[in-house]
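This is my_file.txt. It holds compact mmCIF, C-alpha atoms.
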```txt
# COMPACT_ATOMS: atom_id res chain seq x y z
CA MET U 37 99.41 -86.31 -5.47
CA ASN U 38 96.46 -83.81 -5.30
CA ALA U 39 92.72 -83.79 -5.89
CA THR U 40 92.93 -82.10 -9.31
CA SER U 41 95.13 -84.81 -10.71
CA ILE U 42 92.68 -87.41 -9.45
CA LEU U 43 89.81 -85.68 -11.23
CA HIS U 44 91.78 -85.69 -14.41
CA ARG U 45 92.38 -89.35 -14.10
CA GLU U 46 88.85 -90.29 -12.97
CA PRO U 47 86.14 -89.22 -15.52
CA HIS U 48 83.30 -90.71 -13.41
CA LEU U 49 84.04 -88.43 -10.50
CA ARG U 50 84.15 -85.41 -12.79
CA ILE U 51 80.70 -86.18 -14.03
CA ALA U 52 79.34 -86.68 -10.52
CA ILE U 53 80.69 -83.35 -9.26
CA GLY U 54 79.42 -81.55 -12.34
CA LEU U 55 75.94 -82.89 -11.80
CA MET U 56 75.98 -81.74 -8.22
CA GLY U 57 76.94 -78.26 -9.23
CA ALA U 58 74.09 -78.18 -11.69
CA LEU U 59 71.69 -79.29 -8.95
CA ALA U 60 72.94 -76.65 -6.51
CA LEU U 61 72.60 -73.83 -9.04
CA GLY U 62 69.45 -75.20 -10.62
CA ALA U 63 67.05 -73.07 -8.58
CA CYS U 64 68.75 -69.83 -9.50
CA ALA U 65 69.64 -70.50 -13.11
CA SER U 66 67.68 -67.80 -14.97
CA MET U 67 64.20 -69.34 -14.42
CA PRO U 68 61.31 -67.66 -16.28
CA PRO U 69 58.92 -65.52 -14.14
CA PRO U 70 55.85 -67.47 -12.85
CA THR U 71 53.56 -65.72 -15.30
CA SER U 72 50.62 -68.12 -15.10
CA ASN U 73 50.59 -68.03 -11.27
CA MET U 74 50.67 -64.25 -11.31
CA GLN U 75 47.83 -64.13 -13.80
CA ALA U 76 45.77 -66.56 -11.77
CA ALA U 77 46.29 -64.39 -8.67
CA HIS U 78 45.30 -61.31 -10.62
CA GLN U 79 42.10 -62.96 -11.80
CA ALA U 80 41.26 -64.22 -8.34
CA ILE U 81 41.60 -60.67 -7.00
CA ALA U 82 39.34 -59.35 -9.77
CA GLY U 83 36.81 -62.03 -8.82
CA ALA U 84 36.94 -61.01 -5.18
CA GLU U 85 36.38 -57.38 -6.14
CA GLN U 86 33.39 -58.49 -8.18
CA ALA U 87 32.04 -60.26 -5.08
CA GLU U 88 32.25 -56.94 -3.17
CA ALA U 89 35.09 -58.21 -1.03
CA ALA U 90 36.14 -54.58 -0.46
CA ARG U 91 32.98 -54.32 1.63
CA TYR U 92 32.53 -57.84 3.03
CA ALA U 93 36.12 -59.17 3.38
CA PRO U 94 38.45 -56.16 3.21
CA ALA U 95 41.27 -57.73 5.25
CA GLU U 96 41.56 -60.77 2.98
CA LEU U 97 41.35 -58.65 -0.16
CA SER U 98 44.14 -56.30 0.88
CA GLN U 99 46.26 -59.28 1.97
CA ALA U 100 45.80 -60.81 -1.50
CA ARG U 101 46.86 -57.54 -3.12
CA ALA U 102 49.91 -57.25 -0.86
CA LYS U 103 50.96 -60.82 -1.71
CA LEU U 104 50.70 -60.13 -5.44
CA ALA U 105 52.74 -56.93 -5.06
CA ALA U 106 55.38 -58.91 -3.14
CA ALA U 107 55.40 -61.49 -5.95
CA ASN U 108 56.12 -58.72 -8.46
CA THR U 109 58.97 -57.47 -6.29
CA ALA U 110 60.38 -60.99 -6.11
CA VAL U 111 60.26 -61.28 -9.91
CA SER U 112 62.27 -58.04 -10.18
CA ALA U 113 64.79 -59.53 -7.76
CA GLN U 114 64.98 -62.68 -9.91
CA ARG U 115 63.65 -64.78 -7.05
CA MET U 116 61.26 -66.75 -9.15
CA THR U 117 60.49 -69.59 -6.76
CA MET U 118 59.54 -67.08 -4.11
CA ALA U 119 57.49 -65.12 -6.65
CA ALA U 120 55.56 -68.24 -7.65
CA ARG U 121 54.74 -69.06 -4.03
CA LEU U 122 53.67 -65.51 -3.24
CA ALA U 123 51.45 -65.51 -6.33
CA GLU U 124 49.80 -68.74 -5.23
CA GLU U 125 49.31 -67.37 -1.71
CA SER U 126 47.75 -64.25 -3.22
CA GLN U 127 45.37 -66.38 -5.25
CA ALA U 128 44.34 -68.49 -2.25
CA GLU U 129 43.80 -65.34 -0.19
CA ALA U 130 41.70 -63.73 -2.93
CA GLU U 131 39.59 -66.87 -3.23
CA LEU U 132 39.04 -66.81 0.51
CA ALA U 133 37.96 -63.17 0.22
CA THR U 134 35.37 -64.23 -2.37
CA SER U 135 34.09 -67.14 -0.25
CA ARG U 136 33.82 -65.00 2.88
CA SER U 137 31.97 -62.25 1.02
CA ALA U 138 29.39 -64.77 -0.15
CA GLN U 139 29.05 -66.11 3.38
CA VAL U 140 28.51 -62.67 4.89
CA LYS U 141 25.92 -61.83 2.24
CA ALA U 142 24.00 -65.10 2.74
CA GLU U 143 24.01 -64.78 6.51
CA THR U 144 22.99 -61.13 6.40
CA ALA U 145 20.03 -62.01 4.19
CA ASN U 146 18.96 -64.73 6.66
CA ASP U 147 19.34 -62.40 9.63
CA ASP U 148 17.19 -59.77 7.91
CA MET U 149 14.53 -62.37 7.29
CA LYS U 150 14.58 -63.59 10.89
CA ARG U 151 14.34 -60.03 12.13
CA SER U 152 11.32 -59.18 10.01
CA THR U 153 9.59 -62.38 11.17
CA ARG U 154 10.31 -61.43 14.77
CA ILE U 155 8.93 -57.91 14.22
CA LEU U 156 5.73 -59.31 12.69
CA ILE U 157 5.22 -61.63 15.66
CA THR U 158 5.98 -58.91 18.20
CA GLU U 159 3.57 -56.48 16.57
CA MET U 160 0.90 -59.12 16.41
CA GLN U 161 1.27 -59.91 20.10
CA ARG U 162 1.15 -56.24 20.97
CA SER U 163 -1.99 -55.59 18.91
CA SER U 164 -3.70 -58.70 20.29
CA GLY U 165 -2.85 -57.47 23.78
CA GLU U 166 -4.61 -54.18 23.08
CA THR U 167 -7.76 -55.36 21.40
CA PRO U 168 -10.20 -57.28 23.60
CA MET Q 219 84.78 -101.57 -14.04
CA ASN Q 220 82.85 -100.67 -10.97
CA PRO Q 221 83.54 -97.10 -9.66
CA LEU Q 222 82.71 -98.13 -6.12
CA SER Q 223 85.38 -100.81 -6.07
CA GLN Q 224 87.77 -98.16 -7.33
CA ILE Q 225 86.86 -95.77 -4.51
CA GLY Q 226 87.18 -98.54 -2.00
CA GLY Q 227 90.73 -99.14 -3.21
CA ASN Q 228 91.97 -95.54 -2.88
CA PRO Q 229 92.01 -93.58 0.45
CA VAL Q 230 91.95 -90.16 -1.25
CA LYS Q 231 89.06 -91.18 -3.42
CA THR Q 232 87.28 -92.42 -0.30
CA LEU Q 233 87.74 -89.04 1.34
CA ILE Q 234 86.28 -87.18 -1.62
CA ALA Q 235 83.36 -89.55 -1.94
CA THR Q 236 82.59 -89.08 1.75
CA ALA Q 237 82.61 -85.29 1.30
CA VAL Q 238 80.27 -85.60 -1.66
CA ALA Q 239 77.94 -87.81 0.33
CA ALA Q 240 78.03 -85.31 3.19
CA VAL Q 241 76.99 -82.51 0.83
CA LEU Q 242 74.25 -84.65 -0.61
CA LEU Q 243 72.97 -85.70 2.80
CA GLY Q 244 73.59 -82.32 4.41
CA ALA Q 245 69.99 -81.39 3.91
CA CYS Q 246 68.93 -84.43 5.86
CA ALA Q 247 71.38 -83.99 8.69
CA THR Q 248 68.60 -82.78 11.02
CA ALA Q 249 65.59 -85.07 10.79
CA PRO Q 250 62.87 -83.19 8.83
CA LEU Q 251 59.78 -82.32 10.85
CA GLU Q 252 56.20 -81.52 9.98
CA PRO Q 253 56.04 -77.76 9.25
CA VAL Q 254 54.79 -75.48 12.00
CA GLY Q 255 51.07 -74.77 11.66
CA ALA Q 256 50.20 -77.90 9.67
CA ALA Q 257 48.63 -79.50 12.73
CA GLN Q 258 46.42 -76.45 13.30
CA ALA Q 259 45.28 -76.52 9.68
CA ARG Q 260 44.47 -80.22 10.08
CA ALA Q 261 42.54 -79.54 13.29
CA LYS Q 262 40.46 -76.84 11.59
CA LEU Q 263 39.73 -79.14 8.68
CA THR Q 264 38.74 -82.00 11.00
CA GLN Q 265 36.38 -79.69 12.85
CA LEU Q 266 34.79 -78.67 9.54
CA GLN Q 267 34.49 -82.29 8.43
CA SER Q 268 32.81 -83.34 11.66
CA ASP Q 269 30.27 -80.51 11.70
CA PRO Q 270 27.02 -82.15 10.55
CA ASN Q 271 25.71 -78.84 9.23
CA LEU Q 272 28.79 -78.17 7.11
CA ALA Q 273 30.59 -81.44 6.29
CA ASN Q 274 28.59 -82.20 3.16
CA ARG Q 275 27.92 -78.68 1.96
CA ALA Q 276 31.15 -77.84 0.08
CA PRO Q 277 32.53 -81.21 -1.04
CA VAL Q 278 34.85 -79.90 -3.77
CA ALA Q 279 36.42 -77.20 -1.61
CA ILE Q 280 36.79 -79.58 1.34
CA LYS Q 281 38.50 -82.16 -0.86
CA GLU Q 282 40.89 -79.53 -2.16
CA ALA Q 283 41.58 -78.31 1.35
CA ASP Q 284 42.26 -81.87 2.47
CA LYS Q 285 44.79 -82.29 -0.33
CA ALA Q 286 46.52 -79.03 0.62
CA VAL Q 287 46.65 -80.04 4.29
CA ARG Q 288 48.16 -83.42 3.39
CA THR Q 289 50.84 -81.66 1.37
CA ALA Q 290 51.52 -79.27 4.23
CA GLU Q 291 51.86 -82.14 6.68
CA GLN Q 292 54.78 -83.68 4.80
CA PRO Q 293 58.02 -83.34 6.73
CA GLU Q 294 60.06 -80.61 5.07
CA VAL Q 295 63.55 -79.30 5.74
CA ASP Q 296 63.05 -76.19 3.65
CA LYS Q 297 61.30 -73.97 6.15
CA ASP Q 298 60.08 -71.50 3.50
CA LEU Q 299 58.53 -74.27 1.45
CA GLY Q 300 56.86 -75.68 4.56
CA ALA Q 301 55.49 -72.30 5.59
CA TYR Q 302 54.17 -71.69 2.08
CA ARG Q 303 52.38 -75.02 2.07
CA VAL Q 304 50.88 -74.40 5.51
CA TYR Q 305 49.70 -70.97 4.41
CA LEU Q 306 47.97 -72.39 1.34
CA ALA Q 307 46.42 -75.20 3.36
CA ASP Q 308 45.09 -72.81 5.98
CA ARG Q 309 43.52 -70.47 3.41
CA LYS Q 310 41.94 -73.37 1.58
CA VAL Q 311 40.45 -74.78 4.77
CA GLU Q 312 39.07 -71.35 5.65
CA SER Q 313 37.69 -70.97 2.16
CA ALA Q 314 36.01 -74.38 2.28
CA LYS Q 315 34.48 -73.49 5.65
CA ALA Q 316 33.14 -70.19 4.30
CA GLN Q 317 31.65 -71.98 1.29
CA ALA Q 318 29.99 -74.59 3.50
CA GLU Q 319 28.59 -71.87 5.77
CA THR Q 320 27.24 -70.06 2.73
CA ALA Q 321 25.53 -73.20 1.46
CA PHE Q 322 24.12 -73.87 4.92
CA ALA Q 323 22.69 -70.35 5.13
CA GLU Q 324 21.18 -70.68 1.68
CA ASP Q 325 19.65 -74.04 2.55
CA GLN Q 326 17.98 -72.48 5.56
CA ARG Q 327 16.46 -69.71 3.53
CA PRO Q 328 13.30 -71.48 2.29
CA THR Q 329 12.39 -72.30 5.88
CA LEU Q 330 12.99 -68.71 6.94
CA ILE Q 331 10.90 -67.44 4.05
CA ALA Q 332 8.09 -69.81 5.00
CA GLN Q 333 8.26 -68.66 8.63
CA ARG Q 334 8.10 -65.04 7.62
CA GLU Q 335 5.22 -65.67 5.26
CA SER Q 336 3.24 -67.51 7.90
CA ALA Q 337 3.88 -64.69 10.38
CA ARG Q 338 2.75 -62.21 7.75
CA LEU Q 339 -0.33 -64.26 7.01
CA ALA Q 340 -1.15 -64.53 10.70
CA ALA Q 341 -0.79 -60.77 11.07
CA ARG Q 342 -3.08 -60.17 8.12
CA THR Q 343 -5.63 -62.68 9.32
CA ARG Q 344 -5.66 -60.99 12.68
CA GLU Q 345 -6.21 -57.62 11.07
CA ALA Q 346 -9.00 -59.03 8.95
CA ASP Q 347 -10.55 -60.69 11.99
CA ALA Q 348 -10.43 -57.44 13.92
CA ALA Q 349 -12.08 -55.62 11.02
CA ARG Q 350 -14.67 -58.36 10.65
CA GLY Q 351 -15.31 -58.26 14.38
CA GLU Q 352 -16.01 -54.53 14.18
CA VAL Q 353 -18.35 -55.05 11.25
CA ALA Q 354 -20.12 -57.84 13.09
CA ALA Q 355 -20.41 -55.73 16.24
CA ALA Q 356 -21.87 -52.85 14.23
CA ARG Q 357 -24.26 -55.21 12.54
CA ALA Q 358 -25.27 -56.74 15.86
CA ASP Q 359 -25.96 -53.26 17.26
CA SER Q 360 -28.25 -52.34 14.40
CA ALA Q 361 -29.93 -55.73 14.54
CA GLU Q 362 -30.50 -55.38 18.25
CA SER Q 363 -32.30 -52.10 17.76
CA LYS Q 364 -35.01 -53.81 15.75
CA ALA Q 365 -34.84 -57.02 17.72
CA GLY Q 366 -37.63 -59.20 18.89
CA ALA Q 367 -40.11 -58.31 16.19
CA ASP Q 368 -38.07 -60.00 13.51
CA GLN Q 369 -39.24 -63.60 13.42
CA ALA Q 370 -36.78 -64.63 10.70
CA ARG Q 371 -33.87 -63.44 12.72
CA GLY Q 372 -35.16 -65.34 15.71
CA GLU Q 373 -35.24 -68.54 13.73
CA ALA Q 374 -31.74 -67.93 12.42
CA ASP Q 375 -30.54 -67.38 15.97
CA VAL Q 376 -32.03 -70.62 17.17
CA ALA Q 377 -30.48 -72.49 14.27
CA ARG Q 378 -27.14 -70.86 14.90
CA GLU Q 379 -27.30 -71.56 18.60
CA ALA Q 380 -28.23 -75.13 17.90
CA ALA Q 381 -25.19 -75.38 15.65
CA ALA Q 382 -22.96 -73.64 18.19
CA ASP Q 383 -24.28 -75.96 20.86
CA SER Q 384 -23.31 -79.07 18.98
CA ALA Q 385 -19.97 -77.55 18.07
CA GLN Q 386 -19.24 -77.05 21.74
CA GLN Q 387 -20.30 -80.48 22.75
CA ASN Q 388 -18.26 -82.44 20.31
CA ALA Q 389 -15.96 -82.41 17.34
CA ASP Q 390 -18.48 -84.15 15.17
CA LEU Q 391 -20.42 -80.97 14.56
CA LYS Q 392 -22.31 -82.05 11.52
CA ALA Q 393 -23.61 -85.32 12.88
CA GLN Q 394 -24.67 -83.70 16.14
CA SER Q 395 -26.40 -80.83 14.41
CA ALA Q 396 -28.28 -83.22 12.17
CA GLU Q 397 -29.19 -85.32 15.18
CA LEU Q 398 -30.51 -82.26 17.01
CA GLN Q 399 -32.58 -81.26 14.03
CA ARG Q 400 -33.98 -84.78 13.87
CA GLN Q 401 -34.87 -84.62 17.54
CA ILE Q 402 -36.55 -81.26 17.04
CA ASP Q 403 -38.51 -82.72 14.13
CA VAL Q 404 -39.58 -85.69 16.23
CA LEU Q 405 -40.72 -83.31 18.93
CA HIS Q 406 -42.77 -81.23 16.46
CA ALA Q 407 -41.26 -78.22 18.14
CA LYS Q 408 -41.15 -74.90 16.35
CA PRO Q 409 -38.05 -72.76 16.51
CA THR Q 410 -39.07 -69.25 17.55
CA ASP Q 411 -37.27 -66.26 18.97
CA ARG Q 412 -38.10 -67.51 22.47
CA GLY Q 413 -36.51 -70.88 21.77
CA LEU Q 414 -38.01 -74.16 20.66
CA VAL Q 415 -41.71 -74.08 21.37
CA LEU Q 416 -43.61 -77.31 21.77
CA THR Q 417 -47.37 -76.82 21.80
CA LEU Q 418 -49.44 -79.50 23.46
CA GLY Q 419 -53.08 -79.07 22.51
CA ASP Q 420 -55.92 -79.91 24.82
CA VAL Q 421 -54.98 -83.56 24.75
CA LEU Q 422 -53.51 -83.65 28.23
CA PHE Q 423 -56.39 -82.65 30.41
CA THR Q 424 -60.10 -83.22 30.68
CA SER Q 425 -62.16 -80.10 30.72
CA GLY Q 426 -61.86 -78.17 33.97
CA GLN Q 427 -59.31 -80.63 35.40
CA ALA Q 428 -55.66 -80.06 36.19
CA ASP Q 429 -54.68 -83.75 36.42
CA LEU Q 430 -53.13 -85.36 33.37
CA LYS Q 431 -55.33 -87.69 31.39
CA PRO Q 432 -54.22 -91.35 31.48
CA GLY Q 433 -53.11 -91.16 27.84
CA ALA Q 434 -51.21 -87.89 28.27
CA SER Q 435 -47.88 -89.55 28.92
CA SER Q 436 -47.62 -90.69 25.30
CA HIS Q 437 -47.61 -87.02 24.27
CA LEU Q 438 -44.92 -86.17 26.80
CA GLU Q 439 -42.60 -89.09 26.13
CA LYS Q 440 -40.77 -87.35 23.30
CA LEU Q 441 -40.29 -84.26 25.42
CA VAL Q 442 -38.77 -86.39 28.20
CA ALA Q 443 -36.49 -88.09 25.67
CA PHE Q 444 -35.39 -84.75 24.26
CA LEU Q 445 -34.64 -83.25 27.66
CA ASP Q 446 -32.77 -86.43 28.57
CA LYS Q 447 -30.64 -86.16 25.48
CA TYR Q 448 -29.89 -82.44 25.87
CA PRO Q 449 -29.29 -81.96 29.57
CA ASP Q 450 -28.05 -78.38 29.19
CA ARG Q 451 -31.43 -77.17 28.00
CA THR Q 452 -34.13 -75.89 30.28
CA ALA Q 453 -37.86 -75.90 29.74
CA ALA Q 454 -40.48 -73.28 30.69
CA ILE Q 455 -43.95 -74.80 30.90
CA GLU Q 456 -46.79 -72.38 30.32
CA GLY Q 457 -50.46 -73.18 30.69
CA TYR Q 458 -53.14 -71.38 28.67
CA THR Q 459 -56.93 -71.56 28.69
CA ASP Q 460 -59.79 -70.27 26.63
CA SER Q 461 -62.04 -67.53 27.91
CA VAL Q 462 -64.72 -69.80 29.25
CA GLY Q 463 -65.09 -69.22 32.99
CA SER Q 464 -63.75 -66.44 35.14
CA GLU Q 465 -60.39 -64.98 34.51
CA GLU Q 466 -59.24 -65.80 38.01
CA TYR Q 467 -60.36 -69.38 37.67
CA ASN Q 468 -58.63 -69.73 34.33
CA GLN Q 469 -55.47 -68.26 35.76
CA GLY Q 470 -55.47 -70.81 38.58
CA LEU Q 471 -56.36 -73.68 36.25
CA SER Q 472 -53.59 -72.84 33.77
CA GLN Q 473 -51.12 -72.60 36.64
CA ARG Q 474 -52.11 -76.00 38.05
CA ARG Q 475 -51.97 -77.60 34.62
CA ALA Q 476 -48.49 -76.26 34.00
CA GLU Q 477 -47.48 -77.61 37.39
CA SER Q 478 -48.86 -81.07 36.65
CA VAL Q 479 -46.80 -81.22 33.49
CA GLU Q 480 -43.80 -80.12 35.48
CA SER Q 481 -44.32 -82.75 38.16
CA TYR Q 482 -44.82 -85.39 35.49
CA LEU Q 483 -41.45 -84.45 34.01
CA THR Q 484 -39.68 -84.49 37.35
CA GLY Q 485 -41.32 -87.86 37.93
CA GLN Q 486 -39.62 -89.01 34.72
CA GLY Q 487 -36.24 -88.03 36.09
CA ILE Q 488 -35.84 -84.49 34.73
CA ASP Q 489 -34.05 -82.24 37.21
CA ALA Q 490 -36.58 -79.78 38.66
CA ALA Q 491 -33.97 -77.03 38.46
CA ARG Q 492 -34.28 -77.15 34.71
CA LEU Q 493 -38.03 -76.67 34.75
CA SER Q 494 -40.38 -73.83 35.50
CA ALA Q 495 -44.17 -73.73 35.38
CA SER Q 496 -46.44 -70.75 35.02
CA GLY Q 497 -50.13 -70.11 34.30
CA LYS Q 498 -50.96 -67.57 31.66
CA GLY Q 499 -54.74 -67.90 31.98
CA GLU Q 500 -56.88 -66.72 29.12
CA SER Q 501 -54.87 -63.61 28.34
CA HIS Q 502 -52.86 -64.95 25.39
CA PRO Q 503 -55.26 -66.51 22.89
CA VAL Q 504 -53.83 -67.79 19.63
CA ALA Q 505 -57.28 -67.92 18.02
CA GLY Q 506 -60.70 -66.42 18.50
CA ASN Q 507 -62.72 -67.60 21.50
CA ASP Q 508 -65.97 -67.25 19.60
CA SER Q 509 -65.76 -70.66 17.94
CA ALA Q 510 -65.26 -74.12 19.38
CA ALA Q 511 -62.27 -74.65 17.12
CA GLY Q 512 -60.70 -71.37 18.25
CA ARG Q 513 -61.26 -72.17 21.91
CA GLN Q 514 -59.72 -75.61 21.42
CA GLN Q 515 -56.60 -73.96 20.02
CA ASN Q 516 -56.44 -71.61 22.94
CA ARG Q 517 -56.55 -74.45 25.48
CA ARG Q 518 -52.97 -75.53 25.40
CA VAL Q 519 -49.72 -76.06 27.21
CA GLU Q 520 -46.62 -74.59 25.67
CA VAL Q 521 -43.20 -75.89 26.56
CA ILE Q 522 -40.47 -73.46 25.67
CA ILE Q 523 -37.12 -75.20 25.43
CA SER Q 524 -34.29 -72.74 25.74
CA ALA Q 525 -31.17 -72.94 23.67
CA PRO Q 526 -28.19 -73.67 25.86
CA ARG Q 527 -26.28 -70.60 26.89
CA THR Q 528 -23.15 -70.26 24.71
CA ALA Q 529 -20.03 -68.95 26.36
CA ALA Q 530 -19.01 -66.72 23.50
CA ARG Q 531 -22.11 -64.56 23.15
```
Could you express the structure from this file as structure tokens?
Amino acid sequence: MNATSILHREPHLRIAIGLMGALALGACASMPPPTSNMQAAHQAIAGAEQAEAARYAPAELSQARAKLAAANTAVSAQRMTMAARLAEESQAEAELATSRSAQVKAETANDDMKRSTRILITEMQRSSGETP
Amino acid sequence: MNPLSQIGGNPVKTLIATAVAAVLLGACATAPLEPVGAAQARAKLTQLQSDPNLANRAPVAIKEADKAVRTAEQPEVDKDLGAYRVYLADRKVESAKAQAETAFAEDQRPTLIAQRESARLAARTREADAARGEVAAARADSAESKAGADQARGEADVAREAAADSAQQNADLKAQSAELQRQIDVLHAKPTDRGLVLTLGDVLFTSGQADLKPGASSHLEKLVAFLDKYPDRTAAIEGYTDSVGSEEYNQGLSQRRAESVESYLTGQGIDAARLSASGKGESHPVAGNDSAAGRQQNRRVEVIISAPRTAAR
């Protein structure tokens, strides 16, 4: 008596083992490339560039680009799950680059304003110190 | 027929089923843990949510970040999947924080603009004041050169000093100024460039005498009241005569008359330090001495009430 003969005689077991095989291979079975994720990442990077991230958040922008490049490599290697994750990471990174650029710009504008107020006050105190 | 009862009945089948179960459960053999880094992402998010300046400034991004952190916190055997979720959560928290900081900075801007504008305004006002001060100084210089003779200017000065006086004394400038003017009116004093001048005709003294007539006090009452009300003013009492009699005599008589007015005032409680008395004799007639009417005008006592000294000028 061997296992093969049992499988022949037991149709339920055959089905169970077949299903398991399908599950195990499922991830690798010629999945389509994560096109929409890649596109979203691409757009997010374009948005960051628009927000002058190259100037205000260069580290995040280049990280987003590197992640998208890695996603492309993963697609070539047929590692679609990995590609999808890298694309999503790229998108999140690019969105962060956009947010940080806006923050830097807003805070710089405020700092400029505070500085000019301070200069006005300092000049006024100096001139009032000179005139009797 | 139940497959389980079949398995239970056959030892080989049992073996296979156990192997299958082992494969199925293999993933769960080590208890799944929360992915590394999820706790840090949660801590960052909590910090953002408890910052009163930021918590309510990027609600959509914070909600999204919270969702990503909750996903990342789920126990996961697949280390790559866990790391990916933590990465996304972390970036989303950072992004939400940046958005909240941006909104906070933008919300502060109107205040900063207002501060800068008020500083600018103050600077301009100061410049204008300095310029105006120079103009005023120049004007004062030129006015000073033709001073004294200008009666109109003298009157304006008295009025201005009266106003400045009341401004110094109290906040209720208008009421005080009006009150002062009323008092001046009651006194029948004339504002001149020497101050307020109150002229008392020859009602105080009998001819040739330096003692006050019994009825004189009624003429001096208002003066006493005024000096009582305005204790920072001083009064110079000057006696004048007509040209009847010798000059020396008239000088002495005018002096004594001024002194009697002074001593009457001190008797009414006016501080002597505020008063001075002098005789001017017959040397300053205000009318001709060739008529009785003119001589009557010349016989007089003038009380010059000074404006209080103002600190600023």
Problem set entry | Interface, chain Q side, toward chain U (6 Å; all atoms listed in the file) as a PyMOL selection string | chain Q and resi 313+316-317+320+323+334+341
Problem set entry | 10 Å contact set for Asp298 in chain Q, only C-alpha atoms, chain neighbours under 4 positions out, as a list in words |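 Near neighbours after the sequence-gap exclusion: Met118 and Arg121 of chain U; Pro253, Glu294, Tyr302, Arg303 and Val304 of chain Q.
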Problem set entry | Test item: residues at most 8 Å from Asn274 in chain Q, only C-alpha atoms, excluding those fewer than 4 positions along its chain, as a ChimeraX atom specification | /Q:267,270,318
Exercise. CA of Asp347 in chain Q to CA of Ile331 in chain Q: how many Å, to one decimal?
Worked result: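 Result for CA of Asp347 in chain Q versus CA of Ile331 in chain Q: 23.8 Å, one decimal.
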For this session: Measure the distance from CA of Leu299 in chain Q to CA of Lys315 in chain Q in Å and round it to one decimal.
Result: 24.4 Å
For this session: Write out as a list in words which residues come within 10 Å of Ser72 in chain U when counting all atoms listed in the file, dropping same-chain ones fewer than 3 positions away.
Result: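 Once the adjacent positions are removed, what remains is Pro69, Gln75, Ala76, Ala77, His78, Ala120, Ala123 and Glu124 of chain U.
Among U:Ser98, U:Thr109, U:Asn73, U:Gln114, the residue with the shortest atom-to-atom distance to Glu85 in chain U, counting all atoms listed in the file, is U:Ser98.
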Seminar exercise, completed: In Å and to one decimal, CA of Ala428 in chain Q is distant from CA of Asp460 in chain Q by 14.3 Å
For this session: For each of Q:Val462, Q:Val519, Q:Val442, Q:Val421, take the minimum atom-to-atom distance to Arg474 in chain Q, counting only C-alpha atoms, then give the residue where this is smallest.
Result: Q:Val519
For this session: Just give me the residues with any atom within 6 Å of (50.7, -81.3, 7.8), file coordinates, counting only C-alpha atoms, written as a PyMOL selection string.
Result: chain Q and resi 252+256-257+287-288+290-292
Problem set entry | Residue neighbourhood Gln401 in chain Q, 12 Å, all atoms listed in the file, exclusion window fewer than 3 positions, as number ranges by chain | Q: 380, 394-398, 404-408, 414, 440-448
